[in-house]
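Engineer: Data file input_19.txt (compact mmCIF, C-alpha atoms) is appended below.
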# COMPACT_ATOMS: atom_id res chain seq x y z
CA MET A 1 88.44 -76.57 26.14
CA PRO A 2 90.45 -74.95 28.98
CA LEU A 3 89.48 -71.51 30.30
CA PRO A 4 92.03 -68.66 30.00
CA ALA A 5 94.40 -68.04 32.93
CA LEU A 6 92.98 -65.94 35.77
CA ASP A 7 95.07 -62.89 34.87
CA SER A 8 94.47 -63.21 31.09
CA ALA A 9 93.27 -60.18 29.12
CA ARG A 10 90.53 -62.43 27.76
CA TRP A 11 88.54 -61.90 30.99
CA GLN A 12 88.57 -58.12 30.49
CA SER A 13 84.85 -57.48 29.99
CA SER A 14 81.64 -58.96 31.36
CA SER A 15 80.42 -59.81 27.86
CA ARG A 16 83.55 -61.87 27.24
CA ALA A 17 83.07 -63.66 30.56
CA PHE A 18 79.45 -64.32 29.51
CA ALA A 19 80.72 -65.80 26.22
CA TRP A 20 83.19 -68.05 28.08
CA GLY A 21 80.26 -69.22 30.21
CA VAL A 22 78.23 -70.11 27.11
CA ARG A 23 81.22 -71.91 25.59
CA SER A 24 81.76 -73.91 28.80
CA VAL A 25 78.47 -75.72 28.04
CA GLY A 26 80.53 -77.70 25.51
CA SER A 27 83.04 -78.77 28.15
CA THR A 28 80.60 -80.58 30.39
CA VAL A 29 79.27 -84.08 29.92
CA LEU A 30 76.34 -82.95 32.10
CA ALA A 31 75.03 -80.91 29.15
CA LEU A 32 74.50 -84.22 27.32
CA VAL A 33 72.74 -85.67 30.34
CA LEU A 34 70.49 -82.59 30.57
CA PHE A 35 69.71 -82.93 26.88
CA ALA A 36 68.61 -86.54 27.37
CA THR A 37 66.66 -85.70 30.55
CA TYR A 38 64.73 -82.93 28.75
CA LEU A 39 64.00 -85.22 25.78
CA GLY A 40 62.24 -87.35 28.40
CA ILE A 41 60.42 -84.36 29.95
CA GLY A 42 59.22 -83.17 26.52
CA ALA A 43 57.90 -86.65 25.73
CA LEU A 44 56.24 -86.96 29.15
CA ALA A 45 54.50 -83.57 28.70
CA HIS A 46 53.18 -84.61 25.29
CA ASP A 47 51.83 -87.90 26.62
CA SER A 48 50.21 -86.11 29.57
CA GLY A 49 48.33 -83.73 27.25
CA PHE A 50 50.22 -80.48 27.84
CA SER A 51 50.96 -78.01 25.03
CA LEU A 52 54.46 -77.39 23.67
CA GLY A 53 54.38 -73.75 24.83
CA TRP A 54 53.43 -74.89 28.33
CA VAL A 55 56.30 -77.34 28.69
CA LEU A 56 58.81 -74.85 27.22
CA THR A 57 57.61 -72.23 29.72
CA SER A 58 58.04 -74.79 32.51
CA THR A 59 61.60 -75.55 31.40
CA ALA A 60 62.50 -71.83 31.48
CA LEU A 61 60.66 -70.94 34.71
CA VAL A 62 60.95 -74.09 36.84
CA TRP A 63 64.43 -75.09 35.64
CA ALA A 64 64.71 -78.22 37.76
CA GLY A 65 64.30 -81.62 36.08
CA PRO A 66 62.93 -83.67 38.99
CA ALA A 67 60.44 -80.89 39.90
CA GLN A 68 59.15 -80.78 36.31
CA ILE A 69 58.74 -84.57 36.20
CA ILE A 70 56.78 -84.43 39.48
CA LEU A 71 54.69 -81.44 38.30
CA ILE A 72 53.75 -83.01 34.96
CA SER A 73 52.97 -86.44 36.37
CA THR A 74 50.87 -85.15 39.30
CA LEU A 75 48.90 -82.57 37.26
CA GLY A 76 48.59 -85.07 34.37
CA SER A 77 47.13 -87.72 36.67
CA GLY A 78 44.37 -85.36 37.81
CA ALA A 79 45.77 -84.13 41.13
CA THR A 80 44.70 -80.67 42.30
CA MET A 81 46.95 -77.64 41.96
CA VAL A 82 47.50 -77.63 45.75
CA GLN A 83 48.57 -81.30 45.86
CA ALA A 84 51.01 -80.73 43.01
CA ALA A 85 52.38 -77.59 44.70
CA ILE A 86 53.09 -79.51 47.94
CA ALA A 87 54.89 -82.35 46.11
CA VAL A 88 57.03 -79.90 44.12
CA THR A 89 57.82 -77.74 47.18
CA VAL A 90 59.28 -80.73 49.05
CA SER A 91 61.44 -81.76 46.09
CA ALA A 92 62.70 -78.17 45.72
CA ILE A 93 64.04 -77.76 49.25
CA ARG A 94 67.42 -79.04 48.05
CA LEU A 95 67.80 -75.82 46.01
CA PHE A 96 68.08 -73.79 49.22
CA PRO A 97 71.40 -75.24 50.48
CA MET A 98 72.71 -75.24 46.90
CA VAL A 99 72.14 -71.49 46.50
CA VAL A 100 73.58 -70.80 49.96
CA SER A 101 76.77 -72.74 49.13
CA VAL A 102 77.27 -71.19 45.66
CA LEU A 103 76.72 -67.55 46.75
CA PRO A 104 80.07 -67.05 48.52
CA MET A 105 81.86 -68.21 45.35
CA LEU A 106 79.87 -65.82 43.15
CA ARG A 107 80.07 -62.72 45.28
CA ALA A 108 82.69 -60.01 44.84
CA PRO A 109 83.01 -57.16 47.38
CA ARG A 110 80.85 -54.79 45.31
CA THR A 111 78.20 -57.31 44.24
CA LYS A 112 74.65 -56.26 45.17
CA ARG A 113 72.04 -58.86 46.00
CA ARG A 114 69.88 -57.90 43.01
CA HIS A 115 72.79 -58.73 40.69
CA LEU A 116 72.56 -62.33 41.90
CA VAL A 117 68.82 -62.93 41.32
CA LEU A 118 69.19 -64.38 37.81
CA ALA A 119 72.22 -66.48 38.81
CA ALA A 120 70.20 -67.84 41.77
CA HIS A 121 67.34 -68.73 39.40
CA PHE A 122 69.75 -70.77 37.25
CA ILE A 123 70.96 -72.82 40.24
CA ALA A 124 69.94 -76.47 39.95
CA VAL A 125 72.02 -79.62 40.25
CA THR A 126 73.99 -79.10 37.04
CA LEU A 127 74.89 -75.47 37.62
CA TRP A 128 75.71 -76.18 41.27
CA VAL A 129 78.17 -78.92 40.27
CA GLU A 130 79.66 -76.90 37.41
CA CYS A 131 80.01 -73.72 39.50
CA SER A 132 82.00 -75.65 42.11
CA ARG A 133 84.25 -77.02 39.35
CA LEU A 134 84.65 -73.96 37.10
CA LEU A 135 84.28 -70.82 39.23
CA PRO A 136 87.70 -71.16 40.92
CA GLN A 137 89.17 -70.76 37.40
CA VAL A 138 87.22 -67.51 36.79
CA PRO A 139 88.33 -64.09 38.13
CA ARG A 140 86.02 -63.19 41.03
CA GLU A 141 84.60 -59.99 39.50
CA ARG A 142 83.60 -61.90 36.32
CA ARG A 143 81.92 -64.85 38.01
CA VAL A 144 78.32 -63.55 37.84
CA ALA A 145 78.59 -62.84 34.09
CA PHE A 146 80.22 -66.25 33.55
CA THR A 147 77.40 -67.99 35.46
CA HIS A 148 74.76 -66.09 33.42
CA GLY A 149 76.45 -67.34 30.23
CA LEU A 150 76.60 -70.92 31.48
CA GLY A 151 72.95 -70.78 32.59
CA VAL A 152 71.68 -69.28 29.32
CA GLY A 153 73.70 -71.85 27.32
CA LEU A 154 72.35 -74.81 29.31
CA LEU A 155 68.79 -73.41 29.14
CA ALA A 156 69.07 -73.18 25.32
CA VAL A 157 70.21 -76.82 25.16
CA CYS A 158 67.27 -77.87 27.34
CA LEU A 159 64.66 -75.87 25.36
CA VAL A 160 65.84 -77.57 22.14
CA ALA A 161 65.75 -81.00 23.85
CA THR A 162 62.25 -80.33 25.25
CA THR A 163 61.00 -79.47 21.74
CA ILE A 164 62.59 -82.56 20.15
CA GLY A 165 61.30 -84.83 22.93
CA TYR A 166 57.79 -83.37 22.53
CA GLY A 167 57.94 -84.14 18.81
CA LEU A 168 59.37 -87.65 19.25
CA ALA A 169 56.89 -88.69 21.96
CA ALA A 170 54.92 -91.88 21.53
CA ASN A 171 57.66 -93.36 19.35
CA LEU A 172 60.27 -93.93 22.08
CA PRO A 173 61.06 -97.67 22.45
CA GLN A 174 60.94 -98.87 26.08
CA LEU A 175 64.63 -99.84 26.25
CA PHE A 176 65.65 -96.38 24.99
CA ALA A 177 63.35 -94.71 27.51
CA ALA A 178 64.84 -96.84 30.32
CA ALA A 179 68.38 -95.91 29.24
CA ILE A 180 67.47 -92.17 29.31
CA LEU A 181 65.99 -92.50 32.80
CA LEU A 182 69.12 -94.34 34.06
CA LEU A 183 71.35 -91.51 32.78
CA THR A 184 70.11 -89.08 35.44
CA PRO A 185 71.10 -91.09 38.55
CA LEU A 186 74.40 -92.26 36.99
CA ALA A 187 75.53 -88.79 35.98
CA PHE A 188 74.31 -87.12 39.20
CA LEU A 189 76.09 -89.78 41.27
CA LEU A 190 79.44 -89.51 39.47
CA SER A 191 79.45 -85.72 39.13
CA THR A 192 78.63 -85.37 42.83
CA ALA A 193 81.44 -87.83 43.62
CA ARG A 194 83.88 -85.74 41.60
CA ASN A 195 82.61 -82.58 43.27
CA CYS A 196 83.51 -83.86 46.76
CA ARG A 197 86.14 -81.49 48.13
CA GLN A 198 86.24 -82.49 51.75
CA PHE A 199 85.98 -85.79 53.60
CA ALA A 200 82.59 -84.61 54.93
CA ASP A 201 81.23 -84.48 51.35
CA VAL A 202 82.25 -88.11 50.69
CA VAL A 203 80.60 -89.27 53.93
CA ALA A 204 77.45 -87.27 53.06
CA LEU A 205 77.23 -88.86 49.60
CA VAL A 206 77.70 -92.46 50.78
CA LEU A 207 75.45 -92.09 53.85
CA GLY A 208 72.82 -90.20 51.82
CA LEU A 209 72.59 -93.14 49.40
CA ALA A 210 72.52 -95.69 52.24
CA LEU A 211 69.97 -93.92 54.47
CA PHE A 212 67.36 -93.19 51.77
CA PRO A 213 66.04 -96.79 51.55
CA LEU A 214 65.61 -96.74 55.36
CA ALA A 215 63.88 -93.34 55.36
CA ALA A 216 61.63 -94.54 52.50
CA LEU A 217 60.17 -97.14 54.89
CA LEU A 218 58.56 -94.24 56.81
CA HIS A 219 56.42 -93.22 53.78
CA SER A 220 56.41 -89.71 55.21
CA GLY A 221 56.25 -87.87 51.88
CA VAL A 222 59.44 -86.03 52.88
CA ASP A 223 61.67 -89.16 53.00
CA ILE A 224 64.47 -87.49 51.01
CA LEU A 225 64.54 -84.59 53.45
CA ILE A 226 64.77 -86.91 56.46
CA SER A 227 67.60 -89.02 55.03
CA GLY A 228 69.38 -85.94 53.62
CA ILE A 229 69.42 -83.88 56.82
CA SER A 230 70.41 -86.90 58.96
CA ALA A 231 73.19 -88.05 56.60
CA GLY A 232 74.47 -84.49 56.08
CA SER A 233 74.52 -83.77 59.81
CA ILE A 234 76.31 -87.07 60.61
CA ALA A 235 78.86 -86.21 57.91
CA TYR A 236 79.35 -82.79 59.49
CA GLY A 237 79.78 -84.48 62.89
CA VAL A 238 82.53 -86.70 61.44
CA HIS A 239 84.20 -83.59 59.98
CA TRP A 240 84.01 -81.76 63.34
CA TRP A 241 85.37 -84.79 65.25
CA ARG A 242 88.29 -85.21 62.82
CA ALA A 243 89.15 -81.50 63.05
CA ARG A 244 89.33 -81.77 66.85
CA ALA A 245 91.34 -85.00 66.95
CA MET B 1 48.87 -68.30 20.40
CA SER B 2 46.38 -69.92 22.76
CA ASP B 3 46.96 -73.27 21.03
CA PHE B 4 50.67 -72.93 21.68
CA PHE B 5 50.34 -72.20 25.41
CA GLY B 6 47.13 -74.09 26.17
CA ASP B 7 44.40 -72.74 28.46
CA TRP B 8 44.97 -70.18 31.21
CA HIS B 9 44.22 -72.74 33.92
CA ALA B 10 47.21 -74.89 32.91
CA LEU B 11 49.48 -71.84 32.87
CA LEU B 12 48.21 -70.76 36.29
CA ALA B 13 48.95 -74.26 37.64
CA LEU B 14 52.45 -74.00 36.18
CA LEU B 15 53.06 -70.72 38.00
CA ILE B 16 51.58 -71.76 41.34
CA ALA B 17 52.64 -75.42 41.53
CA GLY B 18 55.81 -75.29 39.43
CA PHE B 19 57.50 -71.90 39.33
CA LEU B 20 56.76 -70.53 42.83
CA PRO B 21 57.70 -73.64 44.91
CA ASN B 22 61.14 -73.73 43.28
CA GLU B 23 61.80 -70.00 43.12
CA VAL B 24 60.86 -69.49 46.79
CA TRP B 25 63.70 -71.77 47.94
CA ARG B 26 66.21 -70.16 45.59
CA MET B 27 65.32 -66.63 46.69
CA LEU B 28 65.30 -67.68 50.37
CA GLY B 29 68.81 -69.03 49.80
CA LEU B 30 69.80 -65.73 48.21
CA TRP B 31 68.22 -63.74 51.04
CA LEU B 32 69.44 -65.78 54.02
CA GLY B 33 72.73 -66.97 52.55
CA GLY B 34 73.94 -63.40 52.08
CA GLY B 35 76.04 -63.30 55.22
CA VAL B 36 77.65 -66.74 55.01
CA ASP B 37 81.43 -66.83 54.51
CA GLU B 38 83.22 -69.07 52.04
CA GLY B 39 85.00 -71.70 54.11
CA SER B 40 82.83 -71.20 57.22
CA GLU B 41 81.82 -74.19 59.35
CA LEU B 42 78.12 -73.52 58.63
CA LEU B 43 78.84 -73.89 54.92
CA VAL B 44 80.51 -77.28 55.48
CA TRP B 45 77.24 -78.48 57.06
CA VAL B 46 75.08 -76.86 54.33
CA ARG B 47 77.18 -78.50 51.60
CA ALA B 48 77.01 -81.87 53.36
CA VAL B 49 73.19 -81.63 53.60
CA ALA B 50 72.87 -80.55 49.94
CA THR B 51 75.08 -83.49 48.89
CA ALA B 52 73.10 -85.94 51.03
CA ILE B 53 69.71 -84.68 49.72
CA LEU B 54 71.02 -85.11 46.17
CA ALA B 55 72.21 -88.63 47.11
CA GLY B 56 68.64 -89.27 48.28
CA VAL B 57 67.21 -88.11 44.93
CA ILE B 58 69.66 -90.47 43.14
CA ALA B 59 68.77 -93.37 45.46
CA GLN B 60 65.04 -92.72 44.96
CA ILE B 61 65.30 -93.04 41.18
CA LEU B 62 67.23 -96.34 41.59
CA VAL B 63 65.05 -97.80 44.38
CA GLN B 64 61.64 -96.54 43.18
CA PRO B 65 62.24 -96.25 39.41
CA PRO B 66 59.90 -94.04 37.32
CA GLY B 67 58.27 -95.14 34.04
CA ALA B 68 60.26 -97.38 31.73
CA LEU B 69 63.14 -97.83 34.19
CA ALA B 70 60.78 -100.00 36.27
CA SER B 71 61.08 -102.63 33.50
CA VAL B 72 64.73 -103.12 34.54
CA PRO B 73 65.02 -105.49 37.56
CA GLY B 74 66.44 -104.09 40.80
CA TRP B 75 69.67 -106.12 40.82
CA LEU B 76 70.44 -104.87 37.31
CA ARG B 77 69.81 -101.21 38.23
CA TYR B 78 72.09 -101.45 41.29
CA GLY B 79 74.66 -103.49 39.31
CA ALA B 80 74.74 -100.87 36.56
CA ALA B 81 75.24 -98.05 39.12
CA ALA B 82 78.01 -100.05 40.87
CA ALA B 83 79.73 -100.77 37.52
CA GLY B 84 79.54 -97.08 36.65
CA CYS B 85 81.19 -96.16 39.98
CA ALA B 86 83.93 -98.79 39.52
CA ALA B 87 84.70 -97.56 35.98
CA PHE B 88 84.71 -93.95 37.27
CA LEU B 89 87.32 -94.81 39.94
CA VAL B 90 89.47 -96.96 37.62
CA SER B 91 89.45 -94.26 34.88
CA ARG B 92 90.82 -91.61 37.27
CA ARG B 93 87.40 -90.10 37.88
CA SER B 94 86.08 -89.76 34.32
CA ILE B 95 82.31 -89.09 34.48
CA PHE B 96 81.93 -89.95 30.80
CA ILE B 97 83.56 -93.41 31.07
CA GLY B 98 81.58 -94.14 34.24
CA VAL B 99 78.22 -93.21 32.68
CA VAL B 100 78.92 -95.17 29.47
CA CYS B 101 79.97 -98.31 31.43
CA GLY B 102 76.89 -98.13 33.65
CA GLU B 103 74.59 -97.79 30.62
CA LEU B 104 76.35 -100.65 28.78
CA VAL B 105 75.95 -102.98 31.79
CA MET B 106 72.22 -102.15 31.93
CA LEU B 107 71.75 -102.68 28.16
CA ALA B 108 73.81 -105.93 28.21
CA GLY B 109 71.77 -107.19 31.16
CA LYS B 110 68.46 -106.43 29.40
CA TRP B 111 69.72 -108.13 26.24
CA TRP B 112 70.84 -111.19 28.23
CA LEU B 113 67.44 -111.37 29.96
CA GLY B 114 65.80 -111.21 26.52
Any chance you could give the structure as structure tokens?
Structural biologist:
Amino acid sequence: MPLPALDSARWQSSSRAFAWGVRSVGSTVLALVLFATYLGIGALAHDSGFSLGWVLTSTALVWAGPAQIILISTLGSGATMVQAAIAVTVSAIRLFPMVVSVLPMLRAPRTKRRHLVLAAHFIAVTLWVECSRLLPQVPRERRVAFTHGLGVGLLAVCLVATTIGYGLAANLPQLFAAAILLLTPLAFLLSTARNCRQFADVVALVLGLALFPLAALLHSGVDILISGISAGSIAYGVHWWRARA
Amino acid sequence: MSDFFGDWHALLALLIAGFLPNEVWRMLGLWLGGGVDEGSELLVWVRAVATAILAGVIAQILVQPPGALASVPGWLRYGAAAAGCAAFLVSRRSIFIGVVCGELVMLAGKWWLG
């Protein structure tokens, strides 16, 4: 479903932009991937002894699949609150550069910082990828409302999936569970590849994949951070060198 | 109501170990990213690092698979990801076709292994 043209009257109000955001949930294959991921998270929470209300609250408040998987599995295996908090904090660092890179696309001249708090909360991999793809097709002054709509729509999909997964738990065959877990890396890999706008992004993606197995040999607990910052900085170096040449 | 949410200790753990560690990074991004221009050189670096960290998360799931994915041998996981990428490129960058091909290769491999 294509969005209306930038100068269309159908962008006239914020509530309409919000509605277009909600409807855009249907235009992304990532919504299906999120659905499957949250089926898995619901099932994992059930098997780890958490209540349905708890896991629904975590979907709404944490709003980051990998962080929730880490939280549930560490708390469920008897780790202390502090140990779980450290593991989740490291996995969440990636949200920082994502928010920083989405902000300039969201902001209009009169946008106040407090108007962006909810949009920043919704930023996770899916919204980061979809904002890069869709926001250029949205008039600048309607982008915050559009992002709120997209975020609320995706959150609704995930809350439903969490509930279904919680109910289905214990009956998932192993092959089905493996297929659900493979969906996340496949979809993240391909949507990131499609999101690459500059040569530096392509280098960052390929090097980031290649350097992780090396960084993992360090067993530092922050392996992803080490490989990510090195690969990203090398990619930036390549970009800088090409711009000069 | 207390049955639905569980005990207060679990909810406290959710806030301290789940909500805060994620929200802190988002709000720091909102606070510190305020002055960054679209198209600035700093943003090129920030985007490259975000992409590479995400690539690391993807690689980690493939190299150190969680739960049931560990029942799929390594060569089949990497083969499925490579097949997905090939289908994505051949299909003029269709995410859907790429994901479906990758999944089919994994399922076919598991079936062939028995």
Engineer: So how many Å separate CA of Ala9 in chain A and CA of Thr28 in chain A, to one decimal?
Structural biologist: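 Interatomic distance, CA of Ala9 in chain A to CA of Thr28 in chain A: 24.0 Å.
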Engineer: Give as a list in words every residue, naming chains and numbers as the document does, that has an atom within 12 Å of (63.1, -95.4, 57.3), counting all atoms listed in the file.
Structural biologist: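 So the residues meeting the distance criterion are Ala210, Leu211, Phe212, Pro213, Leu214, Ala215, Ala216, Leu217, Leu218, His219, Ser220, Gly221, Val222, Asp223, Ile224, Leu225, Ile226, Ser227, Gly228 and Ser230 of chain A.
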Engineer: For chain B versus chain A, which residues have an atom no more than 6 Å away, and what is each residue's nearest atom pair and distance in Å rounded to one decimal, using all atoms listed in the file, chain-then-number order, as a tab-separated table?
Structural biologist:
residue	atom	partner	partner_atom	distance
B:Phe4	CA	A:Gly53	CA	4.9
B:Phe5	CA	A:Gly53	CA	4.4
B:Gly6	CA	A:Ser51	CA	5.6
B:Ala13	CA	A:Met81	CA	5.8
B:Ala17	CA	A:Ala85	CA	3.9
B:Gly18	CA	A:Val62	CA	5.9
B:Phe19	CA	A:Val62	CA	4.8
B:Pro21	CA	A:Thr89	CA	4.7
B:Asn22	CA	A:Ala92	CA	5.3
B:Trp25	CA	A:Phe96	CA	5.0
B:Arg26	CA	A:Phe96	CA	5.5
B:Gly29	CA	A:Phe96	CA	4.9
B:Gly33	CA	A:Val100	CA	4.7
B:Glu38	CA	A:Pro104	CA	5.1
B:Trp45	CA	A:Tyr236	CA	5.4
B:Val46	CA	A:Pro97	CA	5.6
B:Ala48	CA	A:Gly232	CA	4.6
B:Val49	CA	A:Gly232	CA	4.0
B:Ala50	CA	A:Pro97	CA	5.5
B:Thr51	CA	A:Leu205	CA	5.8
B:Ala52	CA	A:Gly208	CA	4.3
B:Ile53	CA	A:Gly228	CA	4.1
B:Ala55	CA	A:Gly208	CA	5.0
B:Gly56	CA	A:Ile224	CA	5.3
B:Ile58	CA	A:Pro185	CA	4.9
B:Ala59	CA	A:Leu209	CA	5.5
B:Ala68	CA	A:Ala178	CA	4.8
B:Leu69	CA	A:Ala178	CA	4.3
B:Ile95	CA	A:Leu190	CA	5.8
B:Val99	CA	A:Leu186	CA	5.8
Engineer: Which polymer residues, whether protein, DNA or RNA, lie within 10 Å of the coordinate (81.8, -65.0, 40.1) when you count only C-alpha atoms? List them as a list in words, using the chain letters and numbers from the file.
Structural biologist: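 Checked against the point, the hits come out as Ala17, Val102, Leu103, Pro104, Met105, Leu106, Arg107, Ala108, Thr111, Leu116, Ala119, Cys131, Leu134, Leu135, Pro136, Gln137, Val138, Pro139, Arg140, Glu141, Arg142, Arg143, Val144, Ala145, Phe146, Thr147 and His148 of chain A.
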Engineer: Report, as JSON, the centre and edge lengths in Å (one decimal) of the axis-aligned box enclosing every listed atom of range 200-208 of chain A, padded by 4 Å on each side.
Structural biologist:
{"center_x": 77.7, "center_y": -88.5, "center_z": 52.3, "size_x": 17.8, "size_y": 16.0, "size_z": 13.3}
